[in-house]
>>> print(open('final02.cif').read())   # mmCIF, N, CA and C atoms and all ligand atoms
data_upload
loop_
_atom_site.label_atom_id
_atom_site.label_comp_id
_atom_site.auth_asym_id
_atom_site.auth_seq_id
_atom_site.Cartn_x
_atom_site.Cartn_y
_atom_site.Cartn_z
N MET A 1 19.45 4.63 11.21
CA MET A 1 18.87 4.04 10.00
C MET A 1 17.73 3.11 10.41
N CYS A 2 16.68 3.15 9.67
CA CYS A 2 15.47 2.39 9.99
C CYS A 2 15.54 1.01 9.32
N ASP A 3 15.57 -0.06 10.12
CA ASP A 3 15.53 -1.42 9.58
C ASP A 3 14.07 -1.75 9.34
N SER A 4 13.64 -1.75 8.09
CA SER A 4 12.21 -1.68 7.86
C SER A 4 11.79 -2.29 6.52
N ILE A 5 10.48 -2.41 6.37
CA ILE A 5 9.87 -2.80 5.10
C ILE A 5 9.57 -1.52 4.33
N SER A 6 10.06 -1.43 3.11
CA SER A 6 9.79 -0.22 2.34
C SER A 6 8.41 -0.31 1.70
N LEU A 7 7.66 0.77 1.81
CA LEU A 7 6.31 0.80 1.24
C LEU A 7 6.06 2.13 0.55
N ARG A 8 5.49 2.07 -0.65
CA ARG A 8 5.00 3.32 -1.22
C ARG A 8 3.68 3.63 -0.51
N PRO A 9 3.36 4.91 -0.34
CA PRO A 9 2.29 5.29 0.59
C PRO A 9 0.94 4.61 0.35
N HIS A 10 0.50 4.46 -0.89
CA HIS A 10 -0.85 3.91 -1.05
C HIS A 10 -0.91 2.42 -0.71
N HIS A 11 0.22 1.77 -0.59
CA HIS A 11 0.20 0.37 -0.17
C HIS A 11 -0.23 0.22 1.29
N LEU A 12 -0.23 1.32 2.05
CA LEU A 12 -0.83 1.29 3.40
C LEU A 12 -2.30 0.89 3.32
N LEU A 13 -2.96 1.32 2.25
CA LEU A 13 -4.37 0.97 2.06
C LEU A 13 -4.51 -0.43 1.49
N CYS A 14 -3.73 -0.72 0.45
CA CYS A 14 -3.84 -2.04 -0.21
C CYS A 14 -3.62 -3.17 0.80
N LEU A 15 -2.65 -2.99 1.69
CA LEU A 15 -2.31 -4.07 2.62
C LEU A 15 -3.45 -4.39 3.59
N GLN A 16 -4.28 -3.41 3.87
CA GLN A 16 -5.39 -3.65 4.79
C GLN A 16 -6.51 -4.44 4.15
N ASN A 17 -6.60 -4.38 2.83
CA ASN A 17 -7.74 -4.97 2.12
C ASN A 17 -7.39 -6.15 1.23
N PHE A 18 -6.13 -6.45 1.11
CA PHE A 18 -5.69 -7.50 0.18
C PHE A 18 -6.31 -8.85 0.55
N VAL A 19 -6.93 -9.49 -0.45
CA VAL A 19 -7.57 -10.79 -0.21
C VAL A 19 -7.07 -11.85 -1.20
N GLY A 20 -5.89 -11.60 -1.77
CA GLY A 20 -5.29 -12.62 -2.62
C GLY A 20 -5.43 -12.39 -4.10
N GLU A 21 -6.06 -11.29 -4.50
CA GLU A 21 -6.16 -10.97 -5.93
C GLU A 21 -5.05 -9.99 -6.29
N GLY A 22 -4.49 -10.12 -7.50
CA GLY A 22 -3.43 -9.19 -7.86
C GLY A 22 -3.01 -9.32 -9.31
N TYR A 23 -1.97 -8.60 -9.64
CA TYR A 23 -1.56 -8.47 -11.04
C TYR A 23 -0.90 -9.72 -11.58
N SER A 24 -0.38 -10.56 -10.71
CA SER A 24 0.31 -11.78 -11.15
C SER A 24 0.55 -12.66 -9.93
N GLY A 25 0.97 -13.89 -10.18
CA GLY A 25 1.28 -14.78 -9.06
C GLY A 25 2.41 -14.23 -8.21
N GLY A 26 3.42 -13.66 -8.86
CA GLY A 26 4.55 -13.10 -8.11
C GLY A 26 4.11 -11.93 -7.25
N PHE A 27 3.22 -11.14 -7.80
CA PHE A 27 2.72 -9.99 -7.04
C PHE A 27 1.95 -10.45 -5.81
N THR A 28 1.01 -11.39 -6.00
CA THR A 28 0.17 -11.81 -4.87
C THR A 28 1.01 -12.51 -3.80
N THR A 29 2.01 -13.27 -4.22
CA THR A 29 2.88 -13.92 -3.24
C THR A 29 3.62 -12.87 -2.41
N GLY A 30 4.14 -11.86 -3.09
CA GLY A 30 4.89 -10.81 -2.39
C GLY A 30 4.00 -10.00 -1.47
N MET A 31 2.84 -9.63 -1.95
CA MET A 31 1.91 -8.85 -1.13
C MET A 31 1.48 -9.67 0.08
N ALA A 32 1.16 -10.95 -0.13
CA ALA A 32 0.72 -11.80 0.98
C ALA A 32 1.82 -11.94 2.03
N GLY A 33 3.07 -12.03 1.58
CA GLY A 33 4.19 -12.17 2.52
C GLY A 33 4.35 -10.94 3.38
N VAL A 34 4.28 -9.78 2.77
CA VAL A 34 4.42 -8.53 3.54
C VAL A 34 3.23 -8.38 4.48
N GLN A 35 2.02 -8.67 3.98
CA GLN A 35 0.82 -8.54 4.82
C GLN A 35 0.91 -9.46 6.04
N LYS A 36 1.33 -10.70 5.81
CA LYS A 36 1.42 -11.67 6.90
C LYS A 36 2.42 -11.19 7.96
N ARG A 37 3.55 -10.69 7.50
CA ARG A 37 4.58 -10.23 8.43
C ARG A 37 4.08 -9.05 9.27
N LEU A 38 3.41 -8.11 8.62
CA LEU A 38 2.95 -6.93 9.35
C LEU A 38 1.79 -7.26 10.29
N MET A 39 0.87 -8.10 9.85
CA MET A 39 -0.26 -8.45 10.71
C MET A 39 0.22 -9.23 11.94
N ALA A 40 1.28 -10.01 11.76
CA ALA A 40 1.80 -10.81 12.88
C ALA A 40 2.57 -9.95 13.88
N ASP A 41 3.06 -8.82 13.43
CA ASP A 41 3.91 -8.00 14.30
C ASP A 41 3.64 -6.51 14.06
N PRO A 42 2.64 -5.97 14.75
CA PRO A 42 2.32 -4.55 14.56
C PRO A 42 3.45 -3.61 14.92
N SER A 43 4.46 -4.13 15.64
CA SER A 43 5.59 -3.26 15.99
C SER A 43 6.66 -3.26 14.89
N ALA A 44 6.45 -4.06 13.85
CA ALA A 44 7.40 -4.05 12.72
C ALA A 44 7.43 -2.66 12.10
N ARG A 45 8.60 -2.27 11.64
CA ARG A 45 8.73 -0.91 11.14
C ARG A 45 8.60 -0.87 9.62
N ILE A 46 7.95 0.18 9.15
CA ILE A 46 7.86 0.42 7.71
C ILE A 46 8.50 1.78 7.41
N ARG A 47 8.98 1.91 6.20
CA ARG A 47 9.54 3.21 5.77
C ARG A 47 8.86 3.59 4.47
N LEU A 48 8.28 4.77 4.44
CA LEU A 48 7.61 5.22 3.22
C LEU A 48 8.62 5.69 2.20
N LYS A 49 8.37 5.35 0.95
CA LYS A 49 9.31 5.74 -0.11
C LYS A 49 8.57 6.12 -1.39
N GLU A 50 9.23 6.91 -2.19
CA GLU A 50 8.71 7.24 -3.52
C GLU A 50 9.00 6.09 -4.46
N GLY A 51 8.21 5.98 -5.50
CA GLY A 51 8.47 4.97 -6.52
C GLY A 51 8.16 3.57 -6.03
N THR A 52 8.73 2.60 -6.71
CA THR A 52 8.38 1.21 -6.41
C THR A 52 8.98 0.76 -5.08
N ASP A 53 8.32 -0.24 -4.48
CA ASP A 53 8.75 -0.77 -3.18
C ASP A 53 8.91 -2.28 -3.29
N GLN A 54 9.03 -2.95 -2.14
CA GLN A 54 9.28 -4.39 -2.24
C GLN A 54 8.03 -5.17 -2.65
N ILE A 55 6.85 -4.61 -2.45
CA ILE A 55 5.64 -5.25 -2.97
C ILE A 55 5.63 -5.19 -4.50
N CYS A 56 6.10 -4.10 -5.05
CA CYS A 56 6.15 -3.94 -6.51
C CYS A 56 7.12 -4.93 -7.18
N ALA A 57 8.02 -5.50 -6.40
CA ALA A 57 9.08 -6.34 -6.98
C ALA A 57 8.53 -7.44 -7.88
N GLY A 58 7.38 -8.01 -7.51
CA GLY A 58 6.82 -9.11 -8.31
C GLY A 58 5.72 -8.67 -9.25
N CYS A 59 5.59 -7.40 -9.50
CA CYS A 59 4.48 -6.90 -10.31
C CYS A 59 4.89 -6.73 -11.77
N PRO A 60 4.05 -7.18 -12.69
CA PRO A 60 4.38 -7.02 -14.12
C PRO A 60 4.37 -5.57 -14.59
N ASN A 61 3.79 -4.68 -13.81
CA ASN A 61 3.77 -3.26 -14.19
C ASN A 61 5.04 -2.53 -13.80
N ARG A 62 5.94 -3.20 -13.10
CA ARG A 62 7.16 -2.56 -12.64
C ARG A 62 8.20 -2.55 -13.76
N ALA A 63 8.84 -1.40 -13.92
CA ALA A 63 9.94 -1.27 -14.88
C ALA A 63 11.10 -0.61 -14.15
N GLY A 64 11.98 -1.43 -13.60
CA GLY A 64 13.07 -0.88 -12.78
C GLY A 64 12.49 -0.26 -11.53
N ASP A 65 12.85 0.98 -11.27
CA ASP A 65 12.34 1.66 -10.09
C ASP A 65 11.03 2.40 -10.37
N ALA A 66 10.49 2.20 -11.56
CA ALA A 66 9.29 2.94 -11.93
C ALA A 66 8.11 1.99 -12.10
N CYS A 67 6.90 2.57 -12.08
CA CYS A 67 5.67 1.84 -12.37
C CYS A 67 5.16 2.34 -13.70
N THR A 68 4.73 1.43 -14.57
CA THR A 68 4.27 1.84 -15.89
C THR A 68 2.85 2.40 -15.85
N SER A 69 2.17 2.23 -14.73
CA SER A 69 0.84 2.83 -14.58
C SER A 69 0.99 4.23 -14.00
N GLY A 70 0.17 5.15 -14.48
CA GLY A 70 0.24 6.50 -13.93
C GLY A 70 -0.57 6.66 -12.65
N LYS A 71 -1.39 5.67 -12.33
CA LYS A 71 -2.31 5.84 -11.20
C LYS A 71 -1.63 5.83 -9.83
N PRO A 72 -0.67 4.92 -9.57
CA PRO A 72 -0.12 4.83 -8.21
C PRO A 72 0.50 6.12 -7.68
N ASP A 73 1.14 6.90 -8.52
CA ASP A 73 1.72 8.16 -8.04
C ASP A 73 0.62 9.08 -7.50
N ARG A 74 -0.50 9.08 -8.19
CA ARG A 74 -1.63 9.90 -7.74
C ARG A 74 -2.19 9.37 -6.41
N TYR A 75 -2.30 8.06 -6.29
CA TYR A 75 -2.78 7.47 -5.03
C TYR A 75 -1.83 7.81 -3.88
N ASP A 76 -0.53 7.70 -4.17
CA ASP A 76 0.47 8.02 -3.13
C ASP A 76 0.31 9.46 -2.64
N LYS A 77 0.17 10.36 -3.59
CA LYS A 77 0.06 11.78 -3.25
C LYS A 77 -1.16 12.02 -2.37
N GLU A 78 -2.26 11.40 -2.71
CA GLU A 78 -3.50 11.55 -1.92
C GLU A 78 -3.30 11.04 -0.49
N VAL A 79 -2.68 9.88 -0.37
CA VAL A 79 -2.47 9.30 0.96
C VAL A 79 -1.57 10.21 1.80
N LEU A 80 -0.51 10.71 1.21
CA LEU A 80 0.40 11.59 1.96
C LEU A 80 -0.32 12.86 2.40
N GLU A 81 -1.07 13.46 1.49
CA GLU A 81 -1.76 14.71 1.84
C GLU A 81 -2.78 14.50 2.94
N ARG A 82 -3.46 13.37 2.91
CA ARG A 82 -4.56 13.15 3.84
C ARG A 82 -4.09 12.63 5.20
N THR A 83 -2.89 12.07 5.27
CA THR A 83 -2.39 11.54 6.55
C THR A 83 -1.37 12.46 7.21
N GLY A 84 -0.78 13.35 6.44
CA GLY A 84 0.30 14.17 6.97
C GLY A 84 1.63 13.43 7.01
N LEU A 85 1.66 12.22 6.48
CA LEU A 85 2.91 11.47 6.40
C LEU A 85 3.74 11.98 5.22
N ALA A 86 5.02 11.57 5.19
CA ALA A 86 5.91 11.99 4.11
C ALA A 86 6.83 10.83 3.74
N CYS A 87 7.26 10.80 2.50
CA CYS A 87 8.25 9.79 2.10
C CYS A 87 9.50 9.99 2.95
N GLY A 88 10.06 8.88 3.40
CA GLY A 88 11.20 8.93 4.32
C GLY A 88 10.78 8.67 5.75
N ASP A 89 9.48 8.84 6.05
CA ASP A 89 9.02 8.56 7.41
C ASP A 89 9.19 7.08 7.73
N CYS A 90 9.64 6.81 8.95
CA CYS A 90 9.81 5.44 9.41
C CYS A 90 8.96 5.29 10.68
N LEU A 91 8.03 4.35 10.65
CA LEU A 91 7.13 4.20 11.79
C LEU A 91 6.70 2.74 11.90
N THR A 92 6.07 2.40 13.03
CA THR A 92 5.62 1.02 13.16
C THR A 92 4.37 0.81 12.33
N TRP A 93 4.08 -0.44 12.06
CA TRP A 93 2.86 -0.75 11.30
C TRP A 93 1.63 -0.27 12.07
N GLN A 94 1.65 -0.42 13.40
CA GLN A 94 0.52 0.05 14.21
C GLN A 94 0.34 1.56 14.05
N GLU A 95 1.43 2.30 14.10
CA GLU A 95 1.32 3.75 13.94
C GLU A 95 0.81 4.11 12.54
N ALA A 96 1.27 3.37 11.54
CA ALA A 96 0.83 3.62 10.17
C ALA A 96 -0.66 3.34 10.03
N LEU A 97 -1.12 2.25 10.67
CA LEU A 97 -2.55 1.92 10.61
C LEU A 97 -3.40 3.01 11.23
N GLU A 98 -2.93 3.54 12.35
CA GLU A 98 -3.70 4.59 13.03
C GLU A 98 -3.85 5.81 12.12
N LYS A 99 -2.84 6.09 11.33
CA LYS A 99 -2.91 7.22 10.40
C LYS A 99 -3.80 6.91 9.20
N ALA A 100 -3.74 5.68 8.71
CA ALA A 100 -4.37 5.36 7.42
C ALA A 100 -5.77 4.78 7.55
N LEU A 101 -6.13 4.25 8.70
CA LEU A 101 -7.42 3.59 8.84
C LEU A 101 -8.60 4.51 8.52
N PRO A 102 -8.60 5.75 8.99
CA PRO A 102 -9.73 6.63 8.65
C PRO A 102 -9.90 6.81 7.14
N LEU A 103 -8.81 6.77 6.39
CA LEU A 103 -8.92 6.91 4.94
C LEU A 103 -9.65 5.71 4.36
N ASN A 104 -9.33 4.56 4.86
CA ASN A 104 -9.94 3.34 4.37
C ASN A 104 -11.45 3.37 4.54
N ARG A 105 -11.88 3.91 5.67
CA ARG A 105 -13.31 3.91 5.97
C ARG A 105 -14.05 4.98 5.18
N ASP A 106 -13.43 6.13 5.05
CA ASP A 106 -14.20 7.30 4.62
C ASP A 106 -13.96 7.77 3.20
N CYS A 107 -12.74 7.63 2.70
CA CYS A 107 -12.47 8.30 1.43
C CYS A 107 -11.76 7.42 0.41
N LEU A 108 -11.92 6.14 0.53
CA LEU A 108 -11.30 5.25 -0.44
C LEU A 108 -11.70 5.59 -1.88
N PRO A 109 -12.99 5.85 -2.17
CA PRO A 109 -13.36 6.14 -3.56
C PRO A 109 -12.63 7.36 -4.12
N GLU A 110 -12.38 8.36 -3.26
CA GLU A 110 -11.73 9.57 -3.74
C GLU A 110 -10.23 9.34 -3.99
N ILE A 111 -9.66 8.40 -3.28
CA ILE A 111 -8.22 8.16 -3.38
C ILE A 111 -7.89 7.22 -4.54
N CYS A 112 -8.62 6.11 -4.61
CA CYS A 112 -8.23 5.06 -5.56
C CYS A 112 -9.44 4.41 -6.22
N GLY A 113 -10.50 5.19 -6.40
CA GLY A 113 -11.73 4.65 -6.97
C GLY A 113 -11.58 4.12 -8.38
N ASP A 114 -10.53 4.53 -9.09
CA ASP A 114 -10.34 4.02 -10.46
C ASP A 114 -9.33 2.87 -10.52
N CYS A 115 -8.96 2.33 -9.37
CA CYS A 115 -8.09 1.14 -9.36
C CYS A 115 -8.90 -0.07 -9.81
N GLN A 116 -8.28 -0.96 -10.54
CA GLN A 116 -9.03 -2.12 -11.04
C GLN A 116 -9.48 -3.06 -9.93
N TRP A 117 -8.89 -2.93 -8.75
CA TRP A 117 -9.26 -3.80 -7.63
C TRP A 117 -10.19 -3.10 -6.65
N PHE A 118 -10.63 -1.90 -6.99
CA PHE A 118 -11.38 -1.09 -6.03
C PHE A 118 -12.64 -1.79 -5.51
N SER A 119 -13.36 -2.48 -6.36
CA SER A 119 -14.63 -3.09 -5.93
C SER A 119 -14.39 -4.10 -4.80
N LEU A 120 -13.24 -4.79 -4.83
CA LEU A 120 -12.93 -5.74 -3.76
C LEU A 120 -12.77 -5.01 -2.43
N CYS A 121 -12.00 -3.95 -2.43
CA CYS A 121 -11.76 -3.19 -1.19
C CYS A 121 -13.04 -2.54 -0.71
N ASP A 122 -13.83 -2.04 -1.63
CA ASP A 122 -15.06 -1.35 -1.27
C ASP A 122 -16.05 -2.33 -0.64
N SER A 123 -16.10 -3.55 -1.14
CA SER A 123 -17.04 -4.53 -0.57
C SER A 123 -16.60 -4.93 0.84
N LEU A 124 -15.30 -4.98 1.10
CA LEU A 124 -14.82 -5.29 2.45
C LEU A 124 -15.19 -4.18 3.42
N LYS A 125 -15.07 -2.94 2.93
CA LYS A 125 -15.37 -1.78 3.76
C LYS A 125 -16.83 -1.80 4.21
N LYS A 126 -17.72 -2.27 3.32
CA LYS A 126 -19.15 -2.27 3.64
C LYS A 126 -19.56 -3.49 4.45
N ALA A 127 -18.70 -4.51 4.49
CA ALA A 127 -19.08 -5.77 5.15
C ALA A 127 -19.24 -5.57 6.65
S1 LIG B 201 0.87 -1.43 -10.23
FE1 LIG B 201 2.73 -0.19 -9.91
S2 LIG B 201 2.51 0.58 -7.79
FE2 LIG B 201 1.10 -1.16 -8.00
S3 LIG B 201 2.29 -2.93 -7.30
FE3 LIG B 201 2.55 -2.80 -9.54
S4 LIG B 201 4.46 -1.64 -9.85
FE4 LIG B 201 3.78 -1.30 -7.71
#
>>> encode(input="final02.cif", output="structure tokens", more="lines below")
Ligand code: SF4
Amino acid sequence: MCDSISLRPHHLLCLQNFVGEGYSGGFTTGMAGVQKRLMADPSARIRLKEGTDQICAGCPNRAGDACTSGKPDRYDKEVLERTGLACGDCLTWQEALEKALPLNRDCLPEICGDCQWFSLCDSLKKA
């Protein structure tokens, strides 16, 4: 069994670009906590999962195990297809970054260009 942080696949991208903006105070606190933990320890393990994860716990869009927005499922699917990863995979944060970093650089607009936070991530990419 993998002792790990659960993440829905597209949060591999969000975590790399998060700068403190989010859906609510609870959301930003949760995202910042996970980001801090992973950045401090690249050997920390993550497990990919369908549906909501521990970052979603503080989000106002969360309804039980579901997200009321239709967009995240589409983002997750894109990330899985483009990385070859699958829900259930357990890997270190470093290994996850190696898989997801090329997406961040090259195809962010195609994956999540309609996310309300996209302009923030896109400006970081160009910096
Ligand atoms: S919008 Fe949906 S997928 Fe994104 S953090 Fe909130 S509940 Fe999770």
>>> residues_around(input="final02.cif", residues="Ala44 in chain A", least_positions_apart="5", cutoff="10 Å", atoms="only C-alpha atoms", output="VMD selection string")
chain A and resid 3 to 5 37 to 39 91 to 95
>>> closest_atom_pairs(input="final02.cif", of="chain A", to="ligand LIG 201 (chain B)", cutoff="10 Å", atoms="only C-alpha atoms and all ligand atoms", output="tab-separated table")
residue	atom	partner	partner_atom	distance
A:Leu7	CA	B:LIG201	FE4	9.5
A:Arg8	CA	B:LIG201	S2	7.5
A:Pro9	CA	B:LIG201	S2	9.6
A:His10	CA	B:LIG201	S2	8.2
A:His11	CA	B:LIG201	S2	8.0
A:Cys14	CA	B:LIG201	FE2	9.3
A:Gly22	CA	B:LIG201	S3	8.5
A:Tyr23	CA	B:LIG201	FE3	7.2
A:Ser24	CA	B:LIG201	FE3	9.4
A:Phe27	CA	B:LIG201	S3	7.1
A:Thr28	CA	B:LIG201	S3	9.4
A:Gly30	CA	B:LIG201	S3	9.6
A:Met31	CA	B:LIG201	S3	8.6
A:Gly51	CA	B:LIG201	S2	7.5
A:Thr52	CA	B:LIG201	FE4	5.4
A:Asp53	CA	B:LIG201	FE4	6.7
A:Gln54	CA	B:LIG201	FE4	8.3
A:Ile55	CA	B:LIG201	S3	5.9
A:Cys56	CA	B:LIG201	FE4	3.7
A:Ala57	CA	B:LIG201	S4	7.2
A:Gly58	CA	B:LIG201	FE3	7.7
A:Cys59	CA	B:LIG201	FE3	4.6
A:Pro60	CA	B:LIG201	FE3	6.5
A:Asn61	CA	B:LIG201	S4	4.7
A:Arg62	CA	B:LIG201	S4	4.0
A:Ala63	CA	B:LIG201	S4	7.4
A:Gly64	CA	B:LIG201	S4	9.1
A:Asp65	CA	B:LIG201	S4	8.5
A:Ala66	CA	B:LIG201	S4	7.0
A:Cys67	CA	B:LIG201	FE1	4.3
A:Thr68	CA	B:LIG201	FE1	6.5
A:Ser69	CA	B:LIG201	FE1	5.9
A:Gly70	CA	B:LIG201	FE1	8.2
A:Lys71	CA	B:LIG201	S2	7.9
A:Pro72	CA	B:LIG201	S2	5.0
A:Asp73	CA	B:LIG201	S2	7.6
A:Tyr75	CA	B:LIG201	S2	9.1
A:Asp76	CA	B:LIG201	S2	9.0
A:Cys115	CA	B:LIG201	S1	9.4
A:Gln116	CA	B:LIG201	S1	10.0
>>> residues_around(input="final02.cif", residues="Lys99 in chain A", least_positions_apart="3", cutoff="12 Å", atoms="only C-alpha atoms", output="list in words")
Pro9, Leu12, Leu13, Val79, Leu80, Glu81, Arg82, Thr83, Gly84, Leu85, Ala86, Leu91, Thr92, Trp93, Gln94, Glu95, Ala96, Pro102, Leu103, Asn104 and Arg105 of chain A
>>> write_last_selection(input="final02.cif", atoms="N, CA and C atoms", output="mmCIF file, in the frame of the given file")
data_model
loop_
_atom_site.group_PDB
_atom_site.id
_atom_site.type_symbol
_atom_site.label_atom_id
_atom_site.label_comp_id
_atom_site.auth_asym_id
_atom_site.auth_seq_id
_atom_site.Cartn_x
_atom_site.Cartn_y
_atom_site.Cartn_z
ATOM 1 N N PRO A 9 3.360 4.910 -0.340
ATOM 2 C CA PRO A 9 2.290 5.290 0.590
ATOM 3 C C PRO A 9 0.940 4.610 0.350
ATOM 4 N N LEU A 12 -0.230 1.320 2.050
ATOM 5 C CA LEU A 12 -0.830 1.290 3.400
ATOM 6 C C LEU A 12 -2.300 0.890 3.320
ATOM 7 N N LEU A 13 -2.960 1.320 2.250
ATOM 8 C CA LEU A 13 -4.370 0.970 2.060
ATOM 9 C C LEU A 13 -4.510 -0.430 1.490
ATOM 10 N N VAL A 79 -2.680 9.880 -0.370
ATOM 11 C CA VAL A 79 -2.470 9.300 0.960
ATOM 12 C C VAL A 79 -1.570 10.210 1.800
ATOM 13 N N LEU A 80 -0.510 10.710 1.210
ATOM 14 C CA LEU A 80 0.400 11.590 1.960
ATOM 15 C C LEU A 80 -0.320 12.860 2.400
ATOM 16 N N GLU A 81 -1.070 13.460 1.490
ATOM 17 C CA GLU A 81 -1.760 14.710 1.840
ATOM 18 C C GLU A 81 -2.780 14.500 2.940
ATOM 19 N N ARG A 82 -3.460 13.370 2.910
ATOM 20 C CA ARG A 82 -4.560 13.150 3.840
ATOM 21 C C ARG A 82 -4.090 12.630 5.200
ATOM 22 N N THR A 83 -2.890 12.070 5.270
ATOM 23 C CA THR A 83 -2.390 11.540 6.550
ATOM 24 C C THR A 83 -1.370 12.460 7.210
ATOM 25 N N GLY A 84 -0.780 13.350 6.440
ATOM 26 C CA GLY A 84 0.300 14.170 6.970
ATOM 27 C C GLY A 84 1.630 13.430 7.010
ATOM 28 N N LEU A 85 1.660 12.220 6.480
ATOM 29 C CA LEU A 85 2.910 11.470 6.400
ATOM 30 C C LEU A 85 3.740 11.980 5.220
ATOM 31 N N ALA A 86 5.020 11.570 5.190
ATOM 32 C CA ALA A 86 5.910 11.990 4.110
ATOM 33 C C ALA A 86 6.830 10.830 3.740
ATOM 34 N N LEU A 91 8.030 4.350 10.650
ATOM 35 C CA LEU A 91 7.130 4.200 11.790
ATOM 36 C C LEU A 91 6.700 2.740 11.900
ATOM 37 N N THR A 92 6.070 2.400 13.030
ATOM 38 C CA THR A 92 5.620 1.020 13.160
ATOM 39 C C THR A 92 4.370 0.810 12.330
ATOM 40 N N TRP A 93 4.080 -0.440 12.060
ATOM 41 C CA TRP A 93 2.860 -0.750 11.300
ATOM 42 C C TRP A 93 1.630 -0.270 12.070
ATOM 43 N N GLN A 94 1.650 -0.420 13.400
ATOM 44 C CA GLN A 94 0.520 0.050 14.210
ATOM 45 C C GLN A 94 0.340 1.560 14.050
ATOM 46 N N GLU A 95 1.430 2.300 14.100
ATOM 47 C CA GLU A 95 1.320 3.750 13.940
ATOM 48 C C GLU A 95 0.810 4.110 12.540
ATOM 49 N N ALA A 96 1.270 3.370 11.540
ATOM 50 C CA ALA A 96 0.830 3.620 10.170
ATOM 51 C C ALA A 96 -0.660 3.340 10.030
ATOM 52 N N PRO A 102 -8.600 5.750 8.990
ATOM 53 C CA PRO A 102 -9.730 6.630 8.650
ATOM 54 C C PRO A 102 -9.900 6.810 7.140
ATOM 55 N N LEU A 103 -8.810 6.770 6.390
ATOM 56 C CA LEU A 103 -8.920 6.910 4.940
ATOM 57 C C LEU A 103 -9.650 5.710 4.360
ATOM 58 N N ASN A 104 -9.330 4.560 4.860
ATOM 59 C CA ASN A 104 -9.940 3.340 4.370
ATOM 60 C C ASN A 104 -11.450 3.370 4.540
ATOM 61 N N ARG A 105 -11.880 3.910 5.670
ATOM 62 C CA ARG A 105 -13.310 3.910 5.970
ATOM 63 C C ARG A 105 -14.050 4.980 5.180
#
>>> atom_distance(input="final02.cif", atom1="atom N of Ser119 in chain A", atom2="atom N of Arg47 in chain A")
26.0 Å
>>> closest_residue(input="final02.cif", among="A:Ala40, A:Cys121, A:Cys107, A:Cys90", to="Asn17 in chain A", atoms="only C-alpha atoms")
A:Cys121
>>> atom_distance(input="final02.cif", atom1="atom C of Glu98 in chain A", atom2="atom C of Val19 in chain A")
22.4 Å
>>> atom_distance(input="final02.cif", atom1="atom N of Gly88 in chain A", atom2="atom N of Leu15 in chain A")
17.5 Å
>>> decode(input="final02.cif", residues="range 20-31 of chain A", atoms="N, CA and C atoms", output="PDB file, in the first residue's frame")
ATOM      1  N   GLY A  20      -0.787  31.189  -4.802  1.00  0.00           N
ATOM      2  CA  GLY A  20      -1.590  31.694  -3.697  1.00  0.00           C
ATOM      3  C   GLY A  20      -2.981  32.152  -4.061  1.00  0.00           C
ATOM      4  N   GLU A  21      -3.349  32.051  -5.335  1.00  0.00           N
ATOM      5  CA  GLU A  21      -4.713  32.415  -5.741  1.00  0.00           C
ATOM      6  C   GLU A  21      -5.553  31.148  -5.797  1.00  0.00           C
ATOM      7  N   GLY A  22      -6.842  31.249  -5.412  1.00  0.00           N
ATOM      8  CA  GLY A  22      -7.662  30.048  -5.466  1.00  0.00           C
ATOM      9  C   GLY A  22      -9.121  30.330  -5.195  1.00  0.00           C
ATOM     10  N   TYR A  23      -9.877  29.265  -5.107  1.00  0.00           N
ATOM     11  CA  TYR A  23     -11.333  29.372  -5.030  1.00  0.00           C
ATOM     12  C   TYR A  23     -11.829  29.878  -3.689  1.00  0.00           C
ATOM     13  N   SER A  24     -11.022  29.737  -2.656  1.00  0.00           N
ATOM     14  CA  SER A  24     -11.438  30.159  -1.313  1.00  0.00           C
ATOM     15  C   SER A  24     -10.209  30.128  -0.406  1.00  0.00           C
ATOM     16  N   GLY A  25     -10.356  30.676   0.785  1.00  0.00           N
ATOM     17  CA  GLY A  25      -9.251  30.626   1.741  1.00  0.00           C
ATOM     18  C   GLY A  25      -8.890  29.202   2.102  1.00  0.00           C
ATOM     19  N   GLY A  26      -9.905  28.365   2.279  1.00  0.00           N
ATOM     20  CA  GLY A  26      -9.649  26.961   2.622  1.00  0.00           C
ATOM     21  C   GLY A  26      -8.911  26.241   1.511  1.00  0.00           C
ATOM     22  N   PHE A  27      -9.287  26.564   0.294  1.00  0.00           N
ATOM     23  CA  PHE A  27      -8.627  25.938  -0.852  1.00  0.00           C
ATOM     24  C   PHE A  27      -7.161  26.345  -0.909  1.00  0.00           C
ATOM     25  N   THR A  28      -6.889  27.657  -0.809  1.00  0.00           N
ATOM     26  CA  THR A  28      -5.506  28.120  -0.956  1.00  0.00           C
ATOM     27  C   THR A  28      -4.632  27.600   0.188  1.00  0.00           C
ATOM     28  N   THR A  29      -5.197  27.516   1.390  1.00  0.00           N
ATOM     29  CA  THR A  29      -4.434  26.973   2.512  1.00  0.00           C
ATOM     30  C   THR A  29      -4.069  25.516   2.247  1.00  0.00           C
ATOM     31  N   GLY A  30      -5.034  24.748   1.760  1.00  0.00           N
ATOM     32  CA  GLY A  30      -4.786  23.334   1.485  1.00  0.00           C
ATOM     33  C   GLY A  30      -3.793  23.137   0.365  1.00  0.00           C
ATOM     34  N   MET A  31      -3.952  23.885  -0.699  1.00  0.00           N
ATOM     35  CA  MET A  31      -3.035  23.775  -1.837  1.00  0.00           C
ATOM     36  C   MET A  31      -1.629  24.170  -1.410  1.00  0.00           C
TER      37      MET A  31
END
